[in-house]
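A.B. asks: Okay, so here is target-v9.cif, and as you'll see once you scroll down, it has mmCIF, N, CA and C atoms.
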data_entry
#
loop_
_atom_site.label_atom_id
_atom_site.label_comp_id
_atom_site.auth_asym_id
_atom_site.auth_seq_id
_atom_site.Cartn_x
_atom_site.Cartn_y
_atom_site.Cartn_z
N GLN X 1 7.37 13.44 14.15
CA GLN X 1 7.60 13.18 12.72
C GLN X 1 6.47 12.31 12.19
N LEU X 2 5.89 12.71 11.06
CA LEU X 2 4.83 11.94 10.46
C LEU X 2 5.41 10.71 9.78
N ARG X 3 4.84 9.55 10.10
CA ARG X 3 5.27 8.32 9.43
C ARG X 3 4.15 7.31 9.50
N PRO X 4 3.77 6.74 8.35
CA PRO X 4 2.79 5.65 8.39
C PRO X 4 3.42 4.43 9.06
N VAL X 5 2.61 3.64 9.74
CA VAL X 5 3.11 2.46 10.44
C VAL X 5 2.32 1.24 9.98
N GLU X 6 3.05 0.28 9.40
CA GLU X 6 2.43 -0.94 8.89
C GLU X 6 2.35 -2.01 9.98
N SER X 7 1.36 -2.88 9.84
CA SER X 7 1.27 -4.05 10.70
C SER X 7 0.57 -5.16 9.93
N GLY X 8 0.78 -6.39 10.40
CA GLY X 8 0.03 -7.52 9.86
C GLY X 8 0.79 -8.45 8.95
N GLY X 9 2.05 -8.26 8.75
CA GLY X 9 2.80 -9.17 7.89
C GLY X 9 3.06 -10.50 8.57
N GLY X 10 3.70 -11.40 7.83
CA GLY X 10 4.04 -12.70 8.38
C GLY X 10 4.15 -13.75 7.30
N LEU X 11 3.96 -15.00 7.71
CA LEU X 11 4.08 -16.14 6.80
C LEU X 11 2.71 -16.73 6.52
N VAL X 12 2.44 -17.02 5.26
CA VAL X 12 1.17 -17.61 4.87
C VAL X 12 1.42 -18.60 3.74
N GLN X 13 0.57 -19.61 3.65
CA GLN X 13 0.71 -20.58 2.57
C GLN X 13 0.13 -20.05 1.28
N SER X 14 0.64 -20.57 0.18
CA SER X 14 0.11 -20.20 -1.13
C SER X 14 -1.39 -20.48 -1.18
N GLY X 15 -2.13 -19.51 -1.72
CA GLY X 15 -3.57 -19.62 -1.78
C GLY X 15 -4.29 -19.02 -0.59
N GLY X 16 -3.53 -18.67 0.43
CA GLY X 16 -4.11 -18.11 1.63
C GLY X 16 -4.36 -16.61 1.54
N SER X 17 -4.78 -16.04 2.65
CA SER X 17 -5.11 -14.62 2.72
C SER X 17 -4.37 -13.97 3.88
N MET X 18 -4.21 -12.67 3.76
CA MET X 18 -3.56 -11.88 4.80
C MET X 18 -4.05 -10.45 4.68
N ARG X 19 -4.13 -9.80 5.82
CA ARG X 19 -4.57 -8.40 5.83
C ARG X 19 -3.49 -7.54 6.47
N LEU X 20 -3.09 -6.52 5.76
CA LEU X 20 -2.14 -5.55 6.26
C LEU X 20 -2.88 -4.28 6.65
N SER X 21 -2.40 -3.61 7.67
CA SER X 21 -2.98 -2.34 8.08
C SER X 21 -1.91 -1.26 8.12
N CYS X 22 -2.34 -0.05 7.88
CA CYS X 22 -1.44 1.09 7.91
C CYS X 22 -2.09 2.17 8.78
N ALA X 23 -1.43 2.52 9.85
CA ALA X 23 -1.90 3.60 10.71
C ALA X 23 -1.29 4.90 10.22
N ALA X 24 -2.14 5.83 9.86
CA ALA X 24 -1.67 7.09 9.27
C ALA X 24 -2.07 8.26 10.16
N SER X 25 -1.73 8.21 11.42
CA SER X 25 -2.10 9.29 12.33
C SER X 25 -1.34 10.56 11.99
N GLY X 26 -1.98 11.69 12.18
CA GLY X 26 -1.37 12.97 11.88
C GLY X 26 -1.68 13.48 10.50
N PHE X 27 -2.24 12.61 9.65
CA PHE X 27 -2.62 13.03 8.30
C PHE X 27 -4.12 13.28 8.25
N THR X 28 -4.51 14.24 7.42
CA THR X 28 -5.93 14.50 7.18
C THR X 28 -6.39 13.61 6.05
N PRO X 29 -7.25 12.63 6.33
CA PRO X 29 -7.57 11.61 5.32
C PRO X 29 -8.02 12.18 3.97
N GLU X 30 -8.81 13.24 4.00
CA GLU X 30 -9.36 13.76 2.75
C GLU X 30 -8.33 14.49 1.90
N HIS X 31 -7.16 14.75 2.45
CA HIS X 31 -6.17 15.56 1.74
C HIS X 31 -4.95 14.77 1.27
N ILE X 32 -5.04 13.47 1.30
CA ILE X 32 -3.86 12.67 0.98
C ILE X 32 -4.17 11.60 -0.06
N TYR X 33 -3.10 11.13 -0.67
CA TYR X 33 -3.11 9.88 -1.41
C TYR X 33 -2.35 8.87 -0.56
N ILE X 34 -2.83 7.65 -0.56
CA ILE X 34 -2.17 6.63 0.24
C ILE X 34 -2.05 5.36 -0.59
N GLY X 35 -0.95 4.67 -0.41
CA GLY X 35 -0.74 3.50 -1.25
C GLY X 35 0.09 2.43 -0.59
N TRP X 36 0.00 1.26 -1.16
CA TRP X 36 0.82 0.12 -0.75
C TRP X 36 1.81 -0.20 -1.86
N PHE X 37 3.05 -0.34 -1.45
CA PHE X 37 4.12 -0.69 -2.37
C PHE X 37 4.77 -1.97 -1.84
N ARG X 38 5.51 -2.64 -2.71
CA ARG X 38 6.24 -3.81 -2.23
C ARG X 38 7.57 -3.90 -2.98
N GLN X 39 8.52 -4.54 -2.32
CA GLN X 39 9.82 -4.75 -2.95
C GLN X 39 10.34 -6.13 -2.56
N ALA X 40 10.53 -6.93 -3.58
CA ALA X 40 11.09 -8.27 -3.39
C ALA X 40 12.60 -8.21 -3.58
N PRO X 41 13.34 -9.15 -3.02
CA PRO X 41 14.80 -9.14 -3.18
C PRO X 41 15.20 -9.13 -4.65
N GLY X 42 16.08 -8.22 -5.00
CA GLY X 42 16.58 -8.14 -6.36
C GLY X 42 15.64 -7.50 -7.35
N LYS X 43 14.50 -7.01 -6.87
CA LYS X 43 13.53 -6.40 -7.77
C LYS X 43 13.29 -4.94 -7.39
N GLU X 44 12.75 -4.19 -8.34
CA GLU X 44 12.41 -2.80 -8.08
C GLU X 44 11.14 -2.71 -7.24
N ARG X 45 11.05 -1.60 -6.54
CA ARG X 45 9.83 -1.33 -5.78
C ARG X 45 8.65 -1.20 -6.73
N GLU X 46 7.52 -1.75 -6.33
CA GLU X 46 6.31 -1.76 -7.17
C GLU X 46 5.14 -1.18 -6.40
N GLY X 47 4.47 -0.21 -6.98
CA GLY X 47 3.23 0.30 -6.41
C GLY X 47 2.10 -0.62 -6.78
N ILE X 48 1.39 -1.19 -5.80
CA ILE X 48 0.41 -2.22 -6.12
C ILE X 48 -1.03 -1.79 -5.87
N ALA X 49 -1.28 -0.93 -4.92
CA ALA X 49 -2.65 -0.53 -4.63
C ALA X 49 -2.63 0.87 -4.04
N CYS X 50 -3.36 1.78 -4.65
CA CYS X 50 -3.34 3.17 -4.21
C CYS X 50 -4.76 3.73 -4.16
N MET X 51 -4.93 4.70 -3.28
CA MET X 51 -6.26 5.25 -3.05
C MET X 51 -6.18 6.75 -2.84
N SER X 52 -7.21 7.43 -3.31
CA SER X 52 -7.34 8.85 -3.08
C SER X 52 -8.17 9.07 -1.82
N GLY X 53 -7.70 9.90 -0.93
CA GLY X 53 -8.44 10.17 0.29
C GLY X 53 -9.66 11.04 0.08
N SER X 54 -9.71 11.78 -1.03
CA SER X 54 -10.81 12.72 -1.26
C SER X 54 -12.03 12.05 -1.87
N ASP X 55 -11.82 11.01 -2.70
CA ASP X 55 -12.99 10.43 -3.39
C ASP X 55 -12.98 8.91 -3.43
N ASP X 56 -12.05 8.29 -2.70
CA ASP X 56 -11.95 6.83 -2.64
C ASP X 56 -11.62 6.19 -3.98
N ASN X 57 -11.17 6.96 -4.94
CA ASN X 57 -10.74 6.38 -6.21
C ASN X 57 -9.55 5.45 -5.94
N THR X 58 -9.52 4.31 -6.61
CA THR X 58 -8.46 3.34 -6.38
C THR X 58 -7.77 2.94 -7.68
N TYR X 59 -6.57 2.44 -7.53
CA TYR X 59 -5.79 1.94 -8.65
C TYR X 59 -5.06 0.69 -8.18
N TYR X 60 -5.03 -0.32 -9.04
CA TYR X 60 -4.32 -1.56 -8.72
C TYR X 60 -3.36 -1.92 -9.85
N ALA X 61 -2.21 -2.42 -9.47
CA ALA X 61 -1.31 -2.97 -10.47
C ALA X 61 -1.90 -4.26 -11.02
N ASP X 62 -1.57 -4.56 -12.25
CA ASP X 62 -2.10 -5.78 -12.88
C ASP X 62 -1.73 -7.03 -12.10
N SER X 63 -0.59 -6.99 -11.43
CA SER X 63 -0.10 -8.17 -10.71
C SER X 63 -0.98 -8.55 -9.53
N VAL X 64 -1.80 -7.60 -9.05
CA VAL X 64 -2.63 -7.90 -7.87
C VAL X 64 -4.11 -7.67 -8.12
N LYS X 65 -4.45 -7.15 -9.27
CA LYS X 65 -5.85 -6.82 -9.58
C LYS X 65 -6.73 -8.06 -9.45
N GLY X 66 -7.83 -7.90 -8.74
CA GLY X 66 -8.75 -9.01 -8.54
C GLY X 66 -8.43 -9.85 -7.32
N ARG X 67 -7.25 -9.67 -6.75
CA ARG X 67 -6.85 -10.46 -5.57
C ARG X 67 -6.69 -9.58 -4.33
N PHE X 68 -6.22 -8.36 -4.52
CA PHE X 68 -5.97 -7.45 -3.40
C PHE X 68 -7.01 -6.33 -3.40
N THR X 69 -7.34 -5.85 -2.20
CA THR X 69 -8.29 -4.74 -2.07
C THR X 69 -7.76 -3.75 -1.05
N ILE X 70 -7.70 -2.48 -1.45
CA ILE X 70 -7.32 -1.42 -0.53
C ILE X 70 -8.58 -0.75 -0.02
N SER X 71 -8.60 -0.45 1.27
CA SER X 71 -9.77 0.19 1.85
C SER X 71 -9.32 1.06 3.02
N ARG X 72 -10.19 1.96 3.44
CA ARG X 72 -9.78 2.85 4.53
C ARG X 72 -10.90 2.98 5.55
N ASP X 73 -10.48 3.31 6.77
CA ASP X 73 -11.39 3.60 7.87
C ASP X 73 -10.99 4.98 8.38
N ASN X 74 -11.71 6.01 7.94
CA ASN X 74 -11.31 7.37 8.31
C ASN X 74 -11.43 7.62 9.81
N ALA X 75 -12.40 6.98 10.45
CA ALA X 75 -12.58 7.19 11.88
C ALA X 75 -11.36 6.73 12.66
N LYS X 76 -10.72 5.66 12.16
CA LYS X 76 -9.53 5.14 12.81
C LYS X 76 -8.25 5.64 12.15
N ASN X 77 -8.41 6.37 11.04
CA ASN X 77 -7.27 6.86 10.27
C ASN X 77 -6.33 5.72 9.88
N THR X 78 -6.93 4.66 9.39
CA THR X 78 -6.15 3.50 8.95
C THR X 78 -6.54 3.12 7.52
N VAL X 79 -5.61 2.50 6.84
CA VAL X 79 -5.84 1.97 5.51
C VAL X 79 -5.40 0.51 5.52
N SER X 80 -6.21 -0.33 4.95
CA SER X 80 -5.92 -1.76 4.95
C SER X 80 -5.68 -2.29 3.54
N LEU X 81 -4.96 -3.38 3.47
CA LEU X 81 -4.76 -4.09 2.22
C LEU X 81 -5.14 -5.54 2.47
N GLN X 82 -6.27 -5.95 1.92
CA GLN X 82 -6.70 -7.33 2.02
C GLN X 82 -6.12 -8.09 0.84
N MET X 83 -5.36 -9.13 1.15
CA MET X 83 -4.68 -9.89 0.11
C MET X 83 -5.22 -11.32 0.11
N ASN X 84 -5.81 -11.70 -1.00
CA ASN X 84 -6.37 -13.04 -1.16
C ASN X 84 -5.63 -13.79 -2.26
N SER X 85 -5.81 -15.10 -2.26
CA SER X 85 -5.19 -15.95 -3.30
C SER X 85 -3.71 -15.64 -3.44
N LEU X 86 -3.03 -15.60 -2.32
CA LEU X 86 -1.62 -15.22 -2.33
C LEU X 86 -0.77 -16.27 -3.04
N LYS X 87 0.28 -15.76 -3.69
CA LYS X 87 1.19 -16.60 -4.46
C LYS X 87 2.60 -16.41 -3.92
N PRO X 88 3.47 -17.38 -4.14
CA PRO X 88 4.86 -17.20 -3.69
C PRO X 88 5.51 -15.93 -4.26
N GLU X 89 5.12 -15.53 -5.45
CA GLU X 89 5.69 -14.32 -6.04
C GLU X 89 5.20 -13.05 -5.37
N ASP X 90 4.25 -13.15 -4.46
CA ASP X 90 3.83 -11.98 -3.67
C ASP X 90 4.76 -11.74 -2.49
N THR X 91 5.70 -12.64 -2.26
CA THR X 91 6.65 -12.47 -1.17
C THR X 91 7.48 -11.21 -1.37
N ALA X 92 7.46 -10.35 -0.37
CA ALA X 92 8.15 -9.06 -0.47
C ALA X 92 8.04 -8.33 0.86
N VAL X 93 8.75 -7.24 0.97
CA VAL X 93 8.51 -6.29 2.05
C VAL X 93 7.45 -5.30 1.53
N TYR X 94 6.40 -5.14 2.30
CA TYR X 94 5.29 -4.27 1.91
C TYR X 94 5.37 -2.96 2.69
N TYR X 95 5.26 -1.87 1.96
CA TYR X 95 5.36 -0.54 2.54
C TYR X 95 4.06 0.24 2.33
N CYS X 96 3.69 0.98 3.35
CA CYS X 96 2.60 1.94 3.24
C CYS X 96 3.21 3.31 3.01
N ALA X 97 2.62 4.08 2.13
CA ALA X 97 3.15 5.41 1.82
C ALA X 97 2.01 6.41 1.73
N VAL X 98 2.33 7.63 2.09
CA VAL X 98 1.34 8.72 2.08
C VAL X 98 1.93 9.93 1.38
N ASP X 99 1.13 10.56 0.54
CA ASP X 99 1.55 11.81 -0.04
C ASP X 99 0.49 12.87 0.18
N ALA X 100 0.98 14.06 0.56
CA ALA X 100 0.05 15.15 0.85
C ALA X 100 0.35 16.39 0.02
N THR X 101 1.33 16.32 -0.88
CA THR X 101 1.74 17.55 -1.55
C THR X 101 1.84 17.46 -3.07
N ARG X 102 2.48 16.41 -3.61
CA ARG X 102 2.83 16.45 -5.02
C ARG X 102 2.05 15.50 -5.92
N ILE X 103 1.49 14.46 -5.36
CA ILE X 103 0.77 13.48 -6.17
C ILE X 103 -0.61 14.02 -6.52
N THR X 104 -1.04 13.79 -7.77
CA THR X 104 -2.32 14.33 -8.22
C THR X 104 -3.29 13.28 -8.73
N SER X 105 -2.91 12.02 -8.72
CA SER X 105 -3.81 10.96 -9.16
C SER X 105 -3.40 9.64 -8.53
N VAL X 106 -4.33 8.70 -8.43
CA VAL X 106 -4.00 7.41 -7.84
C VAL X 106 -3.02 6.65 -8.73
N GLN X 107 -3.15 6.84 -10.06
CA GLN X 107 -2.22 6.16 -10.95
C GLN X 107 -0.79 6.64 -10.70
N ARG X 108 -0.65 7.94 -10.54
CA ARG X 108 0.68 8.49 -10.32
C ARG X 108 1.22 8.09 -8.94
N MET X 109 0.32 7.98 -7.98
CA MET X 109 0.74 7.55 -6.64
C MET X 109 1.43 6.21 -6.73
N CYS X 110 0.83 5.29 -7.49
CA CYS X 110 1.40 3.96 -7.60
C CYS X 110 2.60 3.88 -8.54
N SER X 111 2.67 4.79 -9.50
CA SER X 111 3.73 4.67 -10.51
C SER X 111 4.95 5.54 -10.24
N ASP X 112 4.82 6.53 -9.35
CA ASP X 112 5.89 7.49 -9.17
C ASP X 112 6.25 7.63 -7.70
N GLY X 113 6.72 6.54 -7.12
CA GLY X 113 7.01 6.55 -5.70
C GLY X 113 8.06 7.55 -5.28
N ALA X 114 8.90 7.97 -6.22
CA ALA X 114 9.95 8.94 -5.88
C ALA X 114 9.37 10.27 -5.42
N LEU X 115 8.13 10.56 -5.78
CA LEU X 115 7.51 11.82 -5.37
C LEU X 115 6.80 11.73 -4.03
N VAL X 116 6.66 10.55 -3.51
CA VAL X 116 5.84 10.35 -2.32
C VAL X 116 6.55 10.89 -1.08
N ASP X 117 5.77 11.56 -0.20
CA ASP X 117 6.35 12.25 0.94
C ASP X 117 6.78 11.34 2.08
N TYR X 118 5.90 10.42 2.47
CA TYR X 118 6.10 9.69 3.72
C TYR X 118 6.02 8.18 3.49
N TRP X 119 6.96 7.48 4.09
CA TRP X 119 7.04 6.02 3.94
C TRP X 119 7.08 5.35 5.31
N GLY X 120 6.39 4.22 5.40
CA GLY X 120 6.53 3.39 6.58
C GLY X 120 7.81 2.58 6.49
N ARG X 121 8.09 1.86 7.56
CA ARG X 121 9.33 1.06 7.61
C ARG X 121 9.18 -0.28 6.91
N GLY X 122 7.96 -0.69 6.64
CA GLY X 122 7.74 -1.93 5.91
C GLY X 122 7.43 -3.11 6.81
N THR X 123 6.74 -4.08 6.24
CA THR X 123 6.44 -5.33 6.94
C THR X 123 6.64 -6.49 5.95
N GLN X 124 7.27 -7.55 6.43
CA GLN X 124 7.59 -8.67 5.57
C GLN X 124 6.38 -9.57 5.38
N VAL X 125 6.11 -9.92 4.13
CA VAL X 125 5.09 -10.91 3.79
C VAL X 125 5.79 -12.04 3.05
N THR X 126 5.65 -13.25 3.56
CA THR X 126 6.27 -14.41 2.94
C THR X 126 5.19 -15.43 2.62
N VAL X 127 5.12 -15.82 1.35
CA VAL X 127 4.13 -16.79 0.91
C VAL X 127 4.87 -18.08 0.56
N SER X 128 4.57 -19.13 1.28
CA SER X 128 5.25 -20.40 1.04
C SER X 128 4.49 -21.23 0.01
N SER X 129 5.23 -21.98 -0.77
CA SER X 129 4.60 -22.79 -1.83
C SER X 129 4.18 -24.15 -1.30
#
Show me this structure written as structure tokens.

C.D. replies:
Amino acid sequence: QLRPVESGGGLVQSGGSMRLSCAASGFTPEHIYIGWFRQAPGKEREGIACMSGSDDNTYYADSVKGRFTISRDNAKNTVSLQMNSLKPEDTAVYYCAVDATRITSVQRMCSDGALVDYWGRGTQVTVSS
């Protein structure tokens, strides 16, 4: 069964940095959209950083723009999320997701998670104040 696998979560102080990785084995990098989503307790899931596998086009939610960077290593079939200047409000479970069939733009990847094919199990990120 195809499933992205996240790693790298944990506890960090406010203002610190953390890097998440997503292993997307079994997917053809050039044929997918891949994104990072997060969900905090009592809040809706939010698409925060998404990338097109065909042209490296990226999209960021306003809440993370300028602080988070999504990047990929096709040789390793991994996608990373570098998170800098972390804030307590960034505390959430972070999910990696991959779509290979229905998504047609990075904006839609981040905004329409209901269409996304494959989801990881998530990794907890906690930012202490």

A.B. asks: Please provide the set of residues having any atom within 12 Å of Val93 of chain X, restricted to only C-alpha atoms, with same-chain residues fewer than 6 positions apart removed, written as a list of chain:residue names.

C.D. replies: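 Here the answer would be X:Glu6, X:Ser7, X:Gly8, X:Gly9, X:Gly10, X:Leu11, X:Leu20, X:Trp36, X:Phe37, X:Arg38, X:Gln39, X:Ala40, X:Pro41, X:Gly42, X:Lys43, X:Glu44, X:Arg45, X:Glu46, X:Gly47, X:Gly120, X:Arg121, X:Gly122, X:Thr123, X:Gln124, X:Val125, X:Thr126, X:Val127.
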
A.B. asks: Could you write out, as a list in words, all the residues of segment 12-127 of chain X that DSSP marks as alpha helix (DSSP H)?

C.D. replies: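 Here are the alpha helix (DSSP H) residues of segment 12-127 of chain X: Val106, Gln107, Arg108, Met109, Cys110 and Ser111 of chain X.
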
A.B. asks: Let me make sure I understand: among X:Gly53, X:Thr69, X:Lys76, X:Gln82, which one has the smallest atom-to-atom distance to His31 of chain X if we use only N, CA and C atoms?

C.D. replies: X:Gly53

A.B. asks: I need the output of the PyMOL selection byres (((chain X and resi 110 and name CA) around 10) and name CA) for this file as a CSV table (one decimal) with N, CA and C atoms, keeping the file's coordinate frame; which residues are they?

C.D. replies:
chain,number,residue,atom,x,y,z
X,33,TYR,N,-3.1,11.1,-0.7
X,33,TYR,CA,-3.1,9.9,-1.4
X,33,TYR,C,-2.4,8.9,-0.6
X,34,ILE,N,-2.8,7.6,-0.6
X,34,ILE,CA,-2.2,6.6,0.2
X,34,ILE,C,-2.0,5.4,-0.6
X,35,GLY,N,-1.0,4.7,-0.4
X,35,GLY,CA,-0.7,3.5,-1.2
X,35,GLY,C,0.1,2.4,-0.6
X,36,TRP,N,0.0,1.3,-1.2
X,36,TRP,CA,0.8,0.1,-0.8
X,36,TRP,C,1.8,-0.2,-1.9
X,37,PHE,N,3.0,-0.3,-1.4
X,37,PHE,CA,4.1,-0.7,-2.4
X,37,PHE,C,4.8,-2.0,-1.8
X,46,GLU,N,7.5,-1.8,-6.3
X,46,GLU,CA,6.3,-1.8,-7.2
X,46,GLU,C,5.1,-1.2,-6.4
X,47,GLY,N,4.5,-0.2,-7.0
X,47,GLY,CA,3.2,0.3,-6.4
X,47,GLY,C,2.1,-0.6,-6.8
X,48,ILE,N,1.4,-1.2,-5.8
X,48,ILE,CA,0.4,-2.2,-6.1
X,48,ILE,C,-1.0,-1.8,-5.9
X,49,ALA,N,-1.3,-0.9,-4.9
X,49,ALA,CA,-2.6,-0.5,-4.6
X,49,ALA,C,-2.6,0.9,-4.0
X,50,CYS,N,-3.4,1.8,-4.6
X,50,CYS,CA,-3.3,3.2,-4.2
X,50,CYS,C,-4.8,3.7,-4.2
X,51,MET,N,-4.9,4.7,-3.3
X,51,MET,CA,-6.3,5.2,-3.0
X,51,MET,C,-6.2,6.8,-2.8
X,58,THR,N,-9.5,4.3,-6.6
X,58,THR,CA,-8.5,3.3,-6.4
X,58,THR,C,-7.8,2.9,-7.7
X,59,TYR,N,-6.6,2.4,-7.5
X,59,TYR,CA,-5.8,1.9,-8.6
X,59,TYR,C,-5.1,0.7,-8.2
X,60,TYR,N,-5.0,-0.3,-9.0
X,60,TYR,CA,-4.3,-1.6,-8.7
X,60,TYR,C,-3.4,-1.9,-9.8
X,61,ALA,N,-2.2,-2.4,-9.5
X,61,ALA,CA,-1.3,-3.0,-10.5
X,61,ALA,C,-1.9,-4.3,-11.0
X,97,ALA,N,2.6,4.1,2.1
X,97,ALA,CA,3.2,5.4,1.8
X,97,ALA,C,2.0,6.4,1.7
X,103,ILE,N,1.5,14.5,-5.4
X,103,ILE,CA,0.8,13.5,-6.2
X,103,ILE,C,-0.6,14.0,-6.5
X,105,SER,N,-2.9,12.0,-8.7
X,105,SER,CA,-3.8,11.0,-9.2
X,105,SER,C,-3.4,9.6,-8.5
X,106,VAL,N,-4.3,8.7,-8.4
X,106,VAL,CA,-4.0,7.4,-7.8
X,106,VAL,C,-3.0,6.6,-8.7
X,107,GLN,N,-3.2,6.8,-10.1
X,107,GLN,CA,-2.2,6.2,-11.0
X,107,GLN,C,-0.8,6.6,-10.7
X,108,ARG,N,-0.6,7.9,-10.5
X,108,ARG,CA,0.7,8.5,-10.3
X,108,ARG,C,1.2,8.1,-8.9
X,109,MET,N,0.3,8.0,-8.0
X,109,MET,CA,0.7,7.6,-6.6
X,109,MET,C,1.4,6.2,-6.7
X,111,SER,N,2.7,4.8,-9.5
X,111,SER,CA,3.7,4.7,-10.5
X,111,SER,C,5.0,5.5,-10.2
X,112,ASP,N,4.8,6.5,-9.4
X,112,ASP,CA,5.9,7.5,-9.2
X,112,ASP,C,6.2,7.6,-7.7
X,113,GLY,N,6.7,6.5,-7.1
X,113,GLY,CA,7.0,6.6,-5.7
X,113,GLY,C,8.1,7.6,-5.3
X,116,VAL,N,6.7,10.6,-3.5
X,116,VAL,CA,5.8,10.4,-2.3
X,116,VAL,C,6.6,10.9,-1.1

A.B. asks: So, with only C-alpha atoms as the atoms that count, which of X:Asn84, X:Glu30, X:Val98, X:Thr104 lies closest to Ser14 of chain X?

C.D. replies: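 Of X:Asn84, X:Glu30, X:Val98, X:Thr104, the one nearest Ser14 of chain X is X:Asn84, counting only C-alpha atoms.
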
A.B. asks: When you draw a straight line from atom CA of Gly26 of chain X to atom CA of Asp99 of chain X, how long is it in Å?

C.D. replies: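 These two atoms are separated by 12.3 Å.
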
A.B. asks: Scan for residues within 12 Å of the point (-11.4, 7.0, 9.2) in the coordinates of the file, using only C-alpha atoms, and reply as a PyMOL selection string.

C.D. replies: chain X and resi 22-30+53-54+56+71-80

A.B. asks: Please return as a ChimeraX atom specification: the residues of chain X that backbone DSSP assigns to strand (DSSP E).

C.D. replies: /X:5-7,10-13,18-23,33-39,46-52,58-60,68-73,78-83,92-99,118-119,123-128

A.B. asks: Calculated over all atoms listed in the file, which of the candidates X:Ser52, X:Asn57, X:Ser63, X:Ser129 has the smallest distance to Val12 of chain X?

C.D. replies: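 For Val12 of chain X, the nearest of the candidates is X:Ser129.
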
A.B. asks: Out of X:Thr101, X:Ser21, X:Phe68, X:Glu89, which residue has the shortest atom-to-atom distance to Pro4 of chain X when counting only N, CA and C atoms?

C.D. replies: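 Selected residue with least distance to Pro4 of chain X: X:Ser21.
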
A.B. asks: Would you mind reading off the distance between atom N of Arg3 of chain X and atom CA of Arg102 of chain X, one decimal, in Å?

C.D. replies: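 Atom-to-atom, atom N of Arg3 of chain X and atom CA of Arg102 of chain X are spaced 16.7 Å apart.
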
A.B. asks: One decimal, in Å: what's the spacing between atom C of Arg67 of chain X and atom N of Leu86 of chain X?

C.D. replies: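 For atom C of Arg67 of chain X relative to atom N of Leu86 of chain X, the distance reads 7.3 Å.
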
A.B. asks: Select, from X:Tyr118, X:Tyr95, X:Ile70, X:Lys87, the residue with the minimum atom-to-atom distance to Gln13 of chain X, counting only N, CA and C atoms.

C.D. replies: X:Lys87

A.B. asks: Around all listed atoms of segment 113-124 of chain X, padded 6 Å per side, what centre and edge lengths does the axis-aligned box have in Å to one decimal, as AutoDock Vina command-line options?

C.D. replies:
--center_x 7.9 --center_y 1.3 --center_z 0.2 --size_x 16.2 --size_y 33.8 --size_z 26.7

A.B. asks: Quick one: of X:Lys65, X:Ala114, X:Met18, X:Ile32, who's nearest to Ala100 of chain X, counting all atoms listed in the file?

C.D. replies: X:Ile32
